[in-house]
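Quick look at entry.cif (mmCIF, C-alpha atoms and all ligand atoms):
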```
data_upload
#
loop_
_atom_site.label_atom_id
_atom_site.label_comp_id
_atom_site.auth_asym_id
_atom_site.auth_seq_id
_atom_site.Cartn_x
_atom_site.Cartn_y
_atom_site.Cartn_z
CA MET B 207 0.37 6.28 35.63
CA SER B 208 -3.32 7.12 35.99
CA PRO B 209 -5.05 10.01 34.31
CA ASN B 210 -6.13 12.82 36.59
CA VAL B 211 -9.81 13.50 36.25
CA ILE B 212 -9.84 16.87 34.61
CA THR B 213 -12.17 19.36 33.08
CA THR B 214 -12.67 19.12 29.32
CA PRO B 215 -11.33 19.51 26.80
CA VAL B 216 -8.74 16.80 27.33
CA ARG B 217 -5.46 17.89 25.73
CA ALA B 218 -4.27 14.87 23.76
CA MET B 219 -0.86 15.07 22.10
CA LEU B 220 -0.63 12.83 19.03
CA VAL B 221 2.98 12.06 18.14
CA LEU B 222 3.65 10.82 14.62
CA GLY B 223 6.63 10.69 12.33
CA THR B 224 6.20 8.16 9.55
CA ARG B 225 3.69 7.49 6.79
CA PRO B 226 1.79 4.64 8.51
CA GLU B 227 1.45 6.56 11.77
CA ALA B 228 -0.16 9.49 9.96
CA ILE B 229 -2.55 7.12 8.17
CA LYS B 230 -3.52 5.29 11.35
CA LEU B 231 -3.76 8.33 13.65
CA ALA B 232 -5.60 10.50 11.12
CA PRO B 233 -9.06 9.21 12.10
CA VAL B 234 -8.22 9.74 15.78
CA ALA B 235 -7.13 13.32 15.09
CA ARG B 236 -10.27 13.98 13.07
CA ALA B 237 -12.55 12.47 15.73
CA MET B 238 -10.91 14.40 18.54
CA ALA B 239 -10.99 17.64 16.59
CA ALA B 240 -14.71 17.16 15.99
CA SER B 241 -15.43 16.51 19.68
CA PRO B 242 -15.86 19.22 22.31
CA LEU B 243 -14.30 16.80 24.81
CA PHE B 244 -10.82 16.85 23.27
CA GLU B 245 -8.20 19.29 22.14
CA PRO B 246 -5.84 17.32 19.90
CA LEU B 247 -2.28 18.61 19.47
CA VAL B 248 -0.40 17.04 16.59
CA VAL B 249 3.37 16.78 16.91
CA THR B 250 5.21 15.57 13.83
CA THR B 251 8.72 14.31 14.41
CA GLY B 252 9.80 14.50 10.78
CA GLN B 253 11.29 10.96 10.96
CA HIS B 254 9.97 10.76 7.40
CA ARG B 255 10.01 14.03 5.48
CA GLU B 256 8.34 13.71 2.08
CA MET B 257 6.36 10.56 2.88
CA LEU B 258 4.91 12.10 6.04
CA HIS B 259 4.06 15.41 4.46
CA GLN B 260 2.02 13.81 1.70
CA MET B 261 -0.18 12.25 4.41
CA LEU B 262 -0.77 15.17 6.76
CA GLN B 263 -3.77 16.68 4.99
CA MET B 264 -5.78 13.66 6.07
CA LEU B 265 -5.54 14.72 9.71
CA GLN B 266 -7.55 17.83 8.87
CA ILE B 267 -5.81 19.79 11.63
CA PRO B 268 -2.44 21.48 11.34
CA ALA B 269 0.52 20.26 13.36
CA THR B 270 1.14 22.26 16.54
CA VAL B 271 4.83 21.42 16.45
CA GLU B 272 6.96 20.07 13.61
CA LEU B 273 10.35 18.67 14.47
CA ASP B 274 12.65 18.15 11.55
CA VAL B 275 14.90 15.29 12.55
CA MET B 276 15.25 13.29 9.34
CA ARG B 277 18.75 12.76 8.00
CA GLU B 278 19.89 10.88 4.92
CA ARG B 279 20.60 7.27 5.96
CA GLN B 280 19.72 7.98 9.55
CA GLU B 281 21.03 5.57 12.17
CA LEU B 282 18.58 4.25 14.73
CA SER B 283 20.71 5.39 17.67
CA THR B 284 21.05 9.01 16.56
CA LEU B 285 17.43 9.19 15.43
CA THR B 286 16.32 7.89 18.82
CA ALA B 287 18.54 10.28 20.77
CA ARG B 288 17.44 13.31 18.75
CA LEU B 289 13.79 12.39 19.15
CA VAL B 290 13.83 11.77 22.90
CA ASP B 291 15.52 15.14 23.29
CA GLY B 292 13.19 17.02 20.92
CA LEU B 293 9.98 15.40 22.12
CA GLY B 294 10.93 15.86 25.78
CA GLU B 295 11.09 19.59 25.19
CA VAL B 296 7.72 19.58 23.43
CA VAL B 297 6.01 17.62 26.21
CA ARG B 298 7.45 20.00 28.83
CA ALA B 299 6.29 23.04 26.88
CA GLU B 300 2.78 21.78 26.06
CA ARG B 301 1.97 19.76 29.22
CA PRO B 302 -0.69 17.57 27.55
CA ASP B 303 -3.07 15.40 29.59
CA LEU B 304 -1.98 12.37 27.60
CA VAL B 305 0.28 11.39 24.72
CA VAL B 306 -1.04 9.10 21.97
CA VAL B 307 1.40 6.99 19.95
CA GLN B 308 0.74 4.41 17.25
CA GLY B 309 2.49 1.21 16.32
CA ASP B 310 6.16 0.48 16.66
CA THR B 311 8.33 3.09 14.98
CA THR B 312 11.16 5.06 16.53
CA SER B 313 8.81 8.07 16.68
CA ALA B 314 6.26 6.03 18.64
CA LEU B 315 8.83 4.65 21.09
CA THR B 316 10.43 8.02 21.73
CA GLY B 317 7.02 9.71 22.05
CA ALA B 318 6.14 7.20 24.77
CA LEU B 319 9.50 7.61 26.51
CA ALA B 320 9.37 11.40 26.45
CA ALA B 321 5.87 11.31 27.95
CA PHE B 322 6.92 8.84 30.63
CA TYR B 323 9.84 11.04 31.68
CA GLU B 324 7.37 13.92 32.20
CA HIS B 325 4.81 11.74 34.05
CA VAL B 326 2.28 12.08 31.24
CA PRO B 327 0.18 8.92 30.60
CA VAL B 328 0.48 7.21 27.22
CA ALA B 329 -2.19 5.69 25.00
CA HIS B 330 -0.90 3.10 22.53
CA VAL B 331 -2.90 2.58 19.36
CA GLU B 332 -2.27 -0.77 17.60
CA ALA B 333 -0.94 -2.36 20.79
CA GLY B 334 0.00 -5.97 21.35
CA LEU B 335 1.32 -7.00 17.93
CA ARG B 336 4.13 -9.53 18.32
CA THR B 337 6.17 -11.85 16.14
CA GLY B 338 7.91 -13.34 19.18
CA VAL B 339 11.30 -12.72 17.52
CA LEU B 340 13.05 -9.78 19.15
CA ASP B 341 14.96 -8.64 16.07
CA ASN B 342 12.34 -9.34 13.38
CA PRO B 343 11.01 -6.98 12.31
CA PHE B 344 14.01 -4.90 13.30
CA PRO B 345 13.78 -2.80 15.42
CA GLU B 346 9.98 -2.72 15.57
CA GLU B 347 9.45 -5.84 17.69
CA LEU B 348 11.57 -4.32 20.46
CA ASN B 349 9.89 -0.93 20.08
CA ARG B 350 6.41 -2.34 20.49
CA ARG B 351 7.39 -4.42 23.50
CA LEU B 352 8.93 -1.36 25.18
CA ILE B 353 5.87 0.80 24.47
CA GLY B 354 3.83 -2.03 26.00
CA ARG B 355 5.70 -1.49 29.29
CA ILE B 356 5.04 2.25 29.29
CA ALA B 357 1.45 2.67 28.10
CA ARG B 358 -1.57 3.18 30.36
CA TRP B 359 -4.10 2.43 27.57
CA HIS B 360 -3.42 -0.45 25.17
CA PHE B 361 -5.76 -0.28 22.16
CA ALA B 362 -5.34 -3.73 20.62
CA PRO B 363 -6.62 -4.26 17.08
CA THR B 364 -7.56 -7.93 17.61
CA PRO B 365 -8.26 -10.32 20.48
CA ARG B 366 -4.96 -12.06 19.75
CA ALA B 367 -3.03 -8.80 20.20
CA ALA B 368 -4.88 -8.20 23.47
CA GLY B 369 -3.93 -11.72 24.58
CA HIS B 370 -0.23 -11.01 24.01
CA LEU B 371 -0.44 -8.04 26.36
CA THR B 372 -2.26 -9.80 29.18
CA ALA B 373 0.16 -12.73 28.85
CA GLU B 374 2.97 -10.22 29.42
CA GLY B 375 1.30 -9.03 32.62
CA VAL B 376 -0.54 -5.93 31.42
CA PRO B 377 -3.70 -5.63 33.56
CA GLU B 378 -6.82 -6.65 31.63
CA ALA B 379 -8.52 -3.39 32.62
CA GLU B 380 -5.95 -1.45 30.58
CA VAL B 381 -6.37 -3.47 27.37
CA PHE B 382 -9.19 -2.73 24.90
CA VAL B 383 -9.94 -4.61 21.68
CA THR B 384 -10.89 -1.94 19.18
CA GLY B 385 -10.05 -3.08 15.65
CA ASN B 386 -7.39 -1.29 13.65
CA THR B 387 -7.82 2.39 12.83
CA VAL B 388 -6.31 1.69 9.40
CA ILE B 389 -9.68 0.22 8.38
CA ASP B 390 -11.50 3.34 9.60
CA ASN B 391 -9.26 5.51 7.49
CA LEU B 392 -9.34 3.26 4.43
CA LEU B 393 -13.15 3.29 4.38
CA TRP B 394 -13.14 7.06 4.86
CA ILE B 395 -10.75 7.71 1.99
CA LEU B 396 -12.44 5.27 -0.40
CA GLN B 397 -15.79 6.96 0.26
CA GLN B 398 -14.31 10.12 -1.19
CA GLY B 399 -13.80 8.26 -4.48
CA THR B 400 -11.27 10.72 -5.87
CA GLY B 401 -8.20 8.47 -6.05
CA ARG B 402 -6.47 7.53 -9.30
CA SER B 403 -5.01 4.05 -9.76
CA ALA B 404 -1.36 3.88 -10.84
CA PHE B 405 -2.03 0.90 -13.13
CA ARG B 406 -2.11 1.80 -16.79
CA SER B 407 -2.92 -1.46 -18.61
CA ASP B 408 -5.51 -4.23 -18.69
CA LEU B 409 -2.92 -6.88 -17.85
CA ARG B 410 -2.96 -8.76 -14.52
CA ARG B 411 -2.23 -6.09 -11.94
CA VAL B 412 0.38 -6.79 -9.30
CA LEU B 413 1.07 -4.17 -6.63
CA VAL B 414 4.43 -4.45 -4.87
CA THR B 415 5.93 -2.58 -1.90
CA LEU B 416 9.16 -3.39 -0.09
CA HIS B 417 11.03 -1.44 2.56
CA ARG B 418 11.86 -3.40 5.73
CA ARG B 419 15.32 -2.94 7.16
CA GLU B 420 15.83 -6.68 7.71
CA ASN B 421 15.16 -7.28 3.99
CA GLN B 422 17.54 -4.61 2.69
CA GLY B 423 20.77 -5.40 0.86
CA GLU B 424 21.35 -8.72 -0.89
CA LYS B 425 17.98 -10.16 0.13
CA MET B 426 16.08 -7.28 -1.41
CA ARG B 427 18.19 -7.40 -4.57
CA ALA B 428 17.29 -11.08 -4.94
CA MET B 429 13.63 -10.23 -4.42
CA GLY B 430 13.98 -7.64 -7.19
CA LYS B 431 15.27 -10.41 -9.50
CA ALA B 432 12.22 -12.53 -8.65
CA LEU B 433 9.95 -9.61 -9.50
CA ARG B 434 11.70 -9.18 -12.83
CA ARG B 435 11.10 -12.83 -13.65
CA LEU B 436 7.45 -12.41 -12.73
CA ALA B 437 7.24 -9.40 -15.05
CA ASP B 438 8.87 -11.49 -17.81
CA ARG B 439 5.62 -13.50 -18.00
CA GLY B 440 4.45 -10.65 -20.18
CA ASP B 441 0.82 -10.79 -19.03
CA VAL B 442 1.29 -8.74 -15.84
CA GLU B 443 1.79 -5.10 -15.01
CA ILE B 444 3.75 -4.63 -11.81
CA VAL B 445 3.35 -1.29 -10.05
CA LEU B 446 6.04 -0.53 -7.50
CA PRO B 447 5.59 2.67 -5.46
CA LEU B 448 9.16 3.04 -4.29
CA HIS B 449 9.90 3.91 -0.66
CA LYS B 450 12.16 6.96 -0.32
CA SER B 451 14.85 5.03 1.56
CA PRO B 452 18.11 5.06 -0.43
CA ALA B 453 18.83 1.50 0.72
CA VAL B 454 15.57 0.32 -0.88
CA ARG B 455 16.25 2.20 -4.09
CA GLU B 456 19.78 0.82 -4.38
CA ALA B 457 18.46 -2.72 -4.01
CA LEU B 458 15.51 -2.56 -6.41
CA LEU B 459 16.25 -0.03 -9.13
CA PRO B 460 19.12 -1.87 -10.86
CA GLU B 461 16.96 -4.98 -11.32
CA LEU B 462 13.71 -3.36 -12.36
CA THR B 463 14.37 -0.04 -14.09
CA GLY B 464 13.33 -0.02 -17.72
CA HIS B 465 11.37 -3.30 -17.72
CA PRO B 466 8.33 -2.77 -19.96
CA HIS B 467 6.03 -4.56 -17.50
CA VAL B 468 7.21 -2.78 -14.36
CA ARG B 469 5.98 0.69 -13.52
CA ILE B 470 8.11 2.26 -10.80
CA VAL B 471 6.50 5.31 -9.22
CA GLU B 472 7.26 7.65 -6.34
CA PRO B 473 5.36 7.00 -3.08
CA LEU B 474 1.68 7.57 -3.76
CA ASP B 475 -0.48 9.74 -1.58
CA TYR B 476 -3.08 7.78 0.32
CA VAL B 477 -6.04 8.54 -1.88
CA ASP B 478 -4.19 7.28 -4.96
CA PHE B 479 -2.60 4.38 -3.15
CA SER B 480 -5.95 3.08 -1.92
CA ALA B 481 -7.38 3.41 -5.44
CA THR B 482 -4.36 1.47 -6.74
CA LEU B 483 -4.85 -1.23 -4.13
CA ALA B 484 -8.57 -1.40 -4.87
CA GLY B 485 -7.78 -1.83 -8.57
CA CYS B 486 -5.09 -4.51 -8.31
CA ASP B 487 -5.36 -8.29 -8.60
CA LEU B 488 -2.54 -9.31 -6.30
CA VAL B 489 -0.32 -7.72 -3.64
CA LEU B 490 3.30 -8.60 -2.84
CA THR B 491 4.51 -6.71 0.20
CA ASP B 492 6.59 -6.57 3.35
CA SER B 493 4.48 -3.70 4.69
CA GLY B 494 2.52 -3.99 7.91
CA GLY B 495 -0.36 -1.71 6.98
CA ILE B 496 -0.88 -3.22 3.56
CA GLN B 497 -1.32 -6.68 5.15
CA GLU B 498 -4.32 -5.15 6.93
CA GLU B 499 -5.74 -3.20 4.03
CA ALA B 500 -5.49 -5.88 1.31
CA PRO B 501 -7.92 -8.35 2.97
CA SER B 502 -10.41 -5.52 3.52
CA LEU B 503 -10.53 -5.01 -0.22
CA GLY B 504 -10.49 -8.70 -1.15
CA LYS B 505 -6.95 -8.60 -2.54
CA PRO B 506 -4.82 -11.71 -1.93
CA ALA B 507 -1.53 -10.72 -0.31
CA LEU B 508 1.79 -12.52 -0.41
CA VAL B 509 3.84 -11.34 2.56
CA LEU B 510 7.52 -11.22 1.64
CA ARG B 511 8.85 -11.74 5.16
CA THR B 512 9.88 -14.62 7.39
CA THR B 513 7.67 -13.51 10.29
CA THR B 514 4.47 -11.58 10.67
CA GLU B 515 2.87 -9.87 13.65
CA ARG B 516 -0.42 -10.06 11.74
CA PRO B 517 -1.06 -13.83 11.57
CA GLU B 518 -4.80 -13.16 11.64
CA ALA B 519 -4.81 -12.50 7.88
CA VAL B 520 -2.82 -15.67 7.19
CA GLU B 521 -5.11 -17.76 9.38
CA ALA B 522 -8.19 -16.29 7.77
CA GLY B 523 -6.73 -17.38 4.41
CA ALA B 524 -6.44 -13.84 3.00
CA ALA B 525 -2.64 -13.69 3.07
CA ARG B 526 0.30 -16.09 2.75
CA LEU B 527 3.63 -15.68 4.50
CA VAL B 528 5.99 -16.70 1.70
CA GLY B 529 9.36 -15.62 3.10
CA THR B 530 12.17 -13.94 1.22
CA GLU B 531 13.53 -16.69 -1.06
CA PRO B 532 13.19 -15.47 -4.68
CA GLN B 533 12.18 -18.83 -6.16
CA VAL B 534 9.48 -19.37 -3.53
CA ILE B 535 8.13 -15.84 -4.06
CA LEU B 536 8.02 -16.34 -7.80
CA GLU B 537 6.26 -19.71 -7.57
CA ALA B 538 3.70 -18.39 -5.08
CA ALA B 539 2.88 -15.41 -7.28
CA MET B 540 2.67 -17.56 -10.43
CA HIS B 541 0.40 -20.02 -8.66
CA LEU B 542 -2.02 -17.31 -7.57
CA LEU B 543 -2.13 -15.79 -11.03
CA ASP B 544 -2.75 -19.17 -12.67
CA ASP B 545 -5.01 -20.98 -10.22
CA ALA B 546 -8.42 -19.34 -10.14
CA GLN B 547 -9.65 -21.51 -7.28
CA THR B 548 -6.84 -20.66 -4.89
CA TYR B 549 -7.13 -17.04 -5.92
CA GLY B 550 -10.88 -17.01 -5.30
CA ARG B 551 -10.49 -18.54 -1.84
CA MET B 552 -7.97 -15.91 -0.77
CA ALA B 553 -9.95 -13.05 -2.28
CA THR B 554 -13.08 -13.96 -0.31
CA ALA B 555 -11.45 -14.84 3.02
CA GLY B 556 -12.46 -11.54 4.63
CA ASN B 557 -10.88 -8.99 6.91
CA PRO B 558 -9.97 -9.82 10.52
CA PHE B 559 -8.76 -6.31 11.43
CA GLY B 560 -11.91 -4.54 12.45
CA ASP B 561 -15.22 -3.04 11.47
CA GLY B 562 -14.14 0.54 10.79
CA ARG B 563 -15.17 1.77 14.26
CA ALA B 564 -11.85 1.45 16.10
CA THR B 565 -11.52 5.21 16.48
CA GLU B 566 -14.93 5.54 18.09
CA ARG B 567 -13.98 2.94 20.69
CA ILE B 568 -10.64 4.57 21.40
CA VAL B 569 -12.00 8.07 21.79
CA ALA B 570 -14.96 6.93 23.93
CA GLN B 571 -12.67 4.97 26.27
CA LEU B 572 -10.34 7.91 26.74
CA ALA B 573 -13.28 10.24 27.36
CA GLU B 574 -14.63 7.87 30.00
CA ASP B 575 -11.30 7.50 31.77
CA PHE B 576 -10.78 11.26 31.90
CA GLY B 577 -14.25 11.68 33.36
CA ALA B 578 -15.27 13.59 30.25
CA ASP B 579 -17.83 11.10 29.00
CA ALA B 580 -21.03 12.65 30.40
CA GLU B 581 -21.79 14.26 27.04
CA ALA B 582 -20.00 11.65 24.92
CA PRO B 583 -21.83 9.33 22.52
CA ALA B 584 -21.80 5.69 23.65
CA ALA B 585 -18.94 3.59 22.32
CA PRO B 586 -19.75 0.74 19.94
CA GLU B 587 -19.63 -2.74 21.48
CA PRO B 588 -16.08 -4.04 21.84
CA LEU B 589 -15.00 -6.34 19.05
CA VAL B 590 -15.35 -10.02 19.80
CA ALA B 591 -13.13 -12.83 18.64
CA THR B 592 -14.33 -13.74 15.17
CA GLN B 593 -11.05 -15.18 14.02
CA PRO B 594 -9.24 -18.31 15.13
CA ASP B 595 -7.01 -17.82 18.13
C1 LIG N 1 10.22 3.42 9.30
C2 LIG N 1 9.83 2.58 10.53
C3 LIG N 1 9.12 1.32 10.09
C4 LIG N 1 7.95 1.63 9.19
C5 LIG N 1 8.40 2.52 8.04
C6 LIG N 1 7.21 2.96 7.25
C7 LIG N 1 11.40 2.75 12.40
C8 LIG N 1 12.62 2.17 13.04
N1 LIG N 1 11.04 2.17 11.24
O1 LIG N 1 11.14 2.64 8.55
O2 LIG N 1 8.64 0.64 11.24
O3 LIG N 1 7.46 0.42 8.67
O4 LIG N 1 9.04 3.69 8.57
O5 LIG N 1 7.56 3.37 5.97
O6 LIG N 1 10.84 3.65 12.91
N2 LIG N 1 13.52 8.76 3.78
C9 LIG N 1 13.44 9.87 2.97
N3 LIG N 1 12.25 10.52 2.84
C10 LIG N 1 11.13 10.09 3.48
C11 LIG N 1 11.20 8.97 4.31
C12 LIG N 1 12.41 8.31 4.45
O7 LIG N 1 14.42 10.28 2.38
O8 LIG N 1 10.08 10.71 3.33
C13 LIG N 1 14.81 8.07 3.90
C14 LIG N 1 15.70 8.67 5.00
O9 LIG N 1 16.92 8.97 4.43
C15 LIG N 1 15.90 7.54 5.96
C16 LIG N 1 15.48 6.27 5.21
O10 LIG N 1 14.57 6.71 4.22
O11 LIG N 1 17.24 7.47 6.35
C17 LIG N 1 14.76 5.28 6.10
O12 LIG N 1 13.78 5.93 6.89
P1 LIG N 1 13.54 5.48 8.42
O13 LIG N 1 12.39 6.24 8.98
O14 LIG N 1 14.82 5.51 9.17
O15 LIG N 1 13.18 3.96 8.26
P2 LIG N 1 12.04 3.27 7.41
O16 LIG N 1 12.68 2.10 6.74
O17 LIG N 1 11.29 4.24 6.61
N1 LIG N 2 1.01 3.63 1.32
C1 LIG N 2 0.74 4.80 0.63
N2 LIG N 2 1.44 5.08 -0.51
C2 LIG N 2 2.40 4.23 -1.00
C3 LIG N 2 2.68 3.04 -0.28
C4 LIG N 2 1.98 2.77 0.87
O1 LIG N 2 -0.13 5.59 1.03
O2 LIG N 2 2.99 4.55 -2.03
C5 LIG N 2 0.29 3.34 2.57
C6 LIG N 2 -0.41 2.01 2.66
O3 LIG N 2 -1.72 2.09 2.22
C7 LIG N 2 -0.32 1.67 4.14
C8 LIG N 2 0.90 2.42 4.61
O4 LIG N 2 1.25 3.33 3.59
O5 LIG N 2 -1.44 2.19 4.85
C9 LIG N 2 1.99 1.46 4.90
O6 LIG N 2 3.18 2.13 5.04
P1 LIG N 2 4.57 1.38 5.04
O7 LIG N 2 4.47 0.13 4.23
O8 LIG N 2 5.58 2.40 4.67
O9 LIG N 2 4.77 1.04 6.58
P2 LIG N 2 4.35 -0.18 7.52
O10 LIG N 2 2.89 -0.33 7.44
O11 LIG N 2 5.10 -1.38 7.04
O12 LIG N 2 4.83 0.23 8.85
#
```
Show this structure as structure tokens.
Ligand code: UD1
Ligand code: UDP
Amino acid sequence: MSPNVITTPVRAMLVLGTRPEAIKLAPVARAMAASPLFEPLVVTTGQHREMLHQMLQMLQIPATVELDVMRERQELSTLTARLVDGLGEVVRAERPDLVVVQGDTTSALTGALAAFYEHVPVAHVEAGLRTGVLDNPFPEELNRRLIGRIARWHFAPTPRAAGHLTAEGVPEAEVFVTGNTVIDNLLWILQQGTGRSAFRSDLRRVLVTLHRRENQGEKMRAMGKALRRLADRGDVEIVLPLHKSPAVREALLPELTGHPHVRIVEPLDYVDFSATLAGCDLVLTDSGGIQEEAPSLGKPALVLRTTTERPEAVEAGAARLVGTEPQVILEAAMHLLDDAQTYGRMATAGNPFGDGRATERIVAQLAEDFGADAEAPAAPEPLVATQPD
């Protein structure tokens, strides 16, 4: 689907439903709102309720439409059906010039599908990430592959991600290496300097987040046990901002509640989370976004998963993919806390996810393709491959 050349402003519908989508589309919303060339319309799906709402202020524009689809223990099939239905109606009512989706969530997939059904072209931010394993992460690897079939613009954060798309047959002219907008937003929020770290002691500071569906249940309970043994060292403070998912809470709370060296907190808003990340010594996570943010702040990250779609951080030496076996996780964390040399190498490996100007590239490319670029500032040079491929 090609964009029609139209008169400005270009009406861009940004669809977002979860915490990371709000974080990563916030700079795009802000840039479009500040430009005379665009009229951004924000549609929130409500896939996440509390965790989305605590992020929305960062967009600096109110949502045009708020769907409210979240249900306790929502199933993927019903969530998907409700969202295709709800978003289809919104796209028909608003008739945007394009729909922008981010990443690989159910909200992103259904936003792309709803746009496709109404012949509206789709821009995909953070395109081309792949593990190569269809059901890991579940269901995100399928979601991102499907969005890759639908999108007209593929904004890939790294050259490797762009390579995945062209290898799948996406025309090179539709793939743009931009960097990841998460870096843009992280730099923006840190500049404000108003965040408060959740750590409360001078012990070694370990930040932990866990939420992935494929880790839930027994696996996550065992990971909780490993964290408790890490806390038993006595010289660490573990901060665990707990995802709202009941399945995550059931797995982690029994193991960790009440431990004097574990501070369990509700999900932090982004300004406090980034201050907490900036103030930690070590990160243990199965999050996608945190794998990108930690290297930007020089924080070694242990990735508690068996696959990653972000191997750039591992190859750069900033992160280690340690899997989900409790003993291996424990040993890897102990090693990093005790071996200053290994720690130092990881902490200085650098960030392969962009220069903080991804949004500028995205917005400039869209302006050009809609024929609205006459008055637009020039885009920064595309990112070049600085990491191993
Ligand atoms: C979703 C995304 C995942 C992303 C994650 C970010 C899909 C399939 N998965 O996973 O890619 O990494 O968001 O966090 O799109 N809940 C609340 N309040 C909230 C948010 C969630 O109560 O604010 C509960 C709901 O009951 C829900 C459960 O958490 O049933 C899980 O939420 P869901 O969006 O289905 O999956 P996530 O694991 O959050
Ligand atoms: N995050 C946050 N508060 C928290 C935990 C995480 O603001 O309490 C941010 C984090 O900085 C990152 C994003 O949420 O940008 C990651 O979200 P999540 O791990 O839920 O999703 P994923 O990135 O795995 O899709």
The centre and edge lengths of an axis-aligned box containing all atoms of ligand LIG 2 (chain N) present in the file, extended by 4 Å on each side, are to be given in Å to one decimal, as lines of an AutoDock Vina configuration file.
```
center_x = 1.9
center_y = 2.1
center_z = 3.4
size_x = 15.3
size_y = 15.0
size_z = 18.9
```
_Test item: residues no farther than 7 Å from ligand LIG 2 (chain N), counting only C-alpha atoms and all ligand atoms, as a list in words_ =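 Going residue by residue within 7 Å of ligand LIG 2 (chain N), we get Arg225, Pro226, Ile229, Val388, Thr415, His417, Pro447, Leu448, Glu472, Pro473, Leu474, Asp475, Tyr476, Phe479, Ser480, Asp492, Ser493, Gly494, Gly495, Ile496 and Glu499 of chain B.
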*Work out how far atom CA of Val489 of chain B is from atom CA of Val414 of chain B, in Å to one decimal.*
5.9 Å
*Please extract the residues at most 9 Å from ligand LIG 1 (chain N), counting all atoms listed in the file, and provide them as number ranges by chain, using the chain letters and residue numbers of this document.*
B: 223-227, 252-260, 276-282, 285-286, 309-315, 343-346, 349, 417-419, 449-454, 473, 492-495
_Using all atoms listed in the file for the distances, tell me which of B:Ala538, B:Val442, B:Leu319, B:Val468 is nearest to Val509 of chain B._
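Smallest distance to Val509 of chain B is found for B:Ala538.
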_Env of Thr250 of chain B: 7 Å cut, atoms = all atoms listed in the file, seq-sep filter 2 positions within chain, self excluded. Answer as a ChimeraX atom specification._
/B:221-223,248,252,269,271-273
*What does the distance from atom CA of Val471 of chain B to atom CA of Gln266 of chain B come to in Å, to one decimal?*
26.1 Å
*Find the distance between atom CA of Arg336 of chain B and atom CA of Leu231 of chain B and write it in Å to one decimal.*
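Value for the atom CA of Arg336 of chain B-atom CA of Leu231 of chain B distance: 20.1 Å.
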*Nearest residue to Gln263 of chain B from the set B:Ala228, B:Trp394, B:Val290, B:Leu348 (distances using all atoms listed in the file)*: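 Among B:Ala228, B:Trp394, B:Val290, B:Leu348, it is B:Ala228 that comes nearest to Gln263 of chain B.
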*asked:* Show me the residues close to (-2.6, -3.0, -18.3) - anything with an atom within 12 Å, counting only C-alpha atoms - and format the list as number ranges by chain.
replied: B: 403-412, 440-445, 466-469, 485-487
Prev. selection, C-alpha atoms, output as a PDB file, in the coordinates of the input:
```
ATOM      1  CA  SER B 403      -5.010   4.050  -9.760  1.00  0.00           C
ATOM      2  CA  ALA B 404      -1.360   3.880 -10.840  1.00  0.00           C
ATOM      3  CA  PHE B 405      -2.030   0.900 -13.130  1.00  0.00           C
ATOM      4  CA  ARG B 406      -2.110   1.800 -16.790  1.00  0.00           C
ATOM      5  CA  SER B 407      -2.920  -1.460 -18.610  1.00  0.00           C
ATOM      6  CA  ASP B 408      -5.510  -4.230 -18.690  1.00  0.00           C
ATOM      7  CA  LEU B 409      -2.920  -6.880 -17.850  1.00  0.00           C
ATOM      8  CA  ARG B 410      -2.960  -8.760 -14.520  1.00  0.00           C
ATOM      9  CA  ARG B 411      -2.230  -6.090 -11.940  1.00  0.00           C
ATOM     10  CA  VAL B 412       0.380  -6.790  -9.300  1.00  0.00           C
ATOM     11  CA  GLY B 440       4.450 -10.650 -20.180  1.00  0.00           C
ATOM     12  CA  ASP B 441       0.820 -10.790 -19.030  1.00  0.00           C
ATOM     13  CA  VAL B 442       1.290  -8.740 -15.840  1.00  0.00           C
ATOM     14  CA  GLU B 443       1.790  -5.100 -15.010  1.00  0.00           C
ATOM     15  CA  ILE B 444       3.750  -4.630 -11.810  1.00  0.00           C
ATOM     16  CA  VAL B 445       3.350  -1.290 -10.050  1.00  0.00           C
ATOM     17  CA  PRO B 466       8.330  -2.770 -19.960  1.00  0.00           C
ATOM     18  CA  HIS B 467       6.030  -4.560 -17.500  1.00  0.00           C
ATOM     19  CA  VAL B 468       7.210  -2.780 -14.360  1.00  0.00           C
ATOM     20  CA  ARG B 469       5.980   0.690 -13.520  1.00  0.00           C
ATOM     21  CA  GLY B 485      -7.780  -1.830  -8.570  1.00  0.00           C
ATOM     22  CA  CYS B 486      -5.090  -4.510  -8.310  1.00  0.00           C
ATOM     23  CA  ASP B 487      -5.360  -8.290  -8.600  1.00  0.00           C
TER      24      ASP B 487
END
```
*Select, from B:Pro363, B:Gly504, B:Gly401, B:Pro586, the residue with the minimum atom-to-atom distance to Gly560 of chain B, counting all atoms listed in the file.*
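When distances to Gly560 of chain B are compared using all atoms listed in the file, the smallest one comes from B:Pro363.
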*Would you mind listing what lies within 10 Å of Arg236 of chain B as a list in words, with all atoms listed in the file counted and same-chain residues fewer than 2 positions away left out?*
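Counting only the stated atoms, we get Leu231, Ala232, Pro233, Val234, Met238, Ala239, Ala240, Ser241, Pro246, Met264, Leu265, Gln266, Ile267 and Thr565 of chain B.
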*Of the candidates B:Glu374, B:Glu380, B:Glu424, B:Glu498, which one gets nearest to Ala357 of chain B if we count only C-alpha atoms?*
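Under the stated criterion, the closest residue is B:Glu380.
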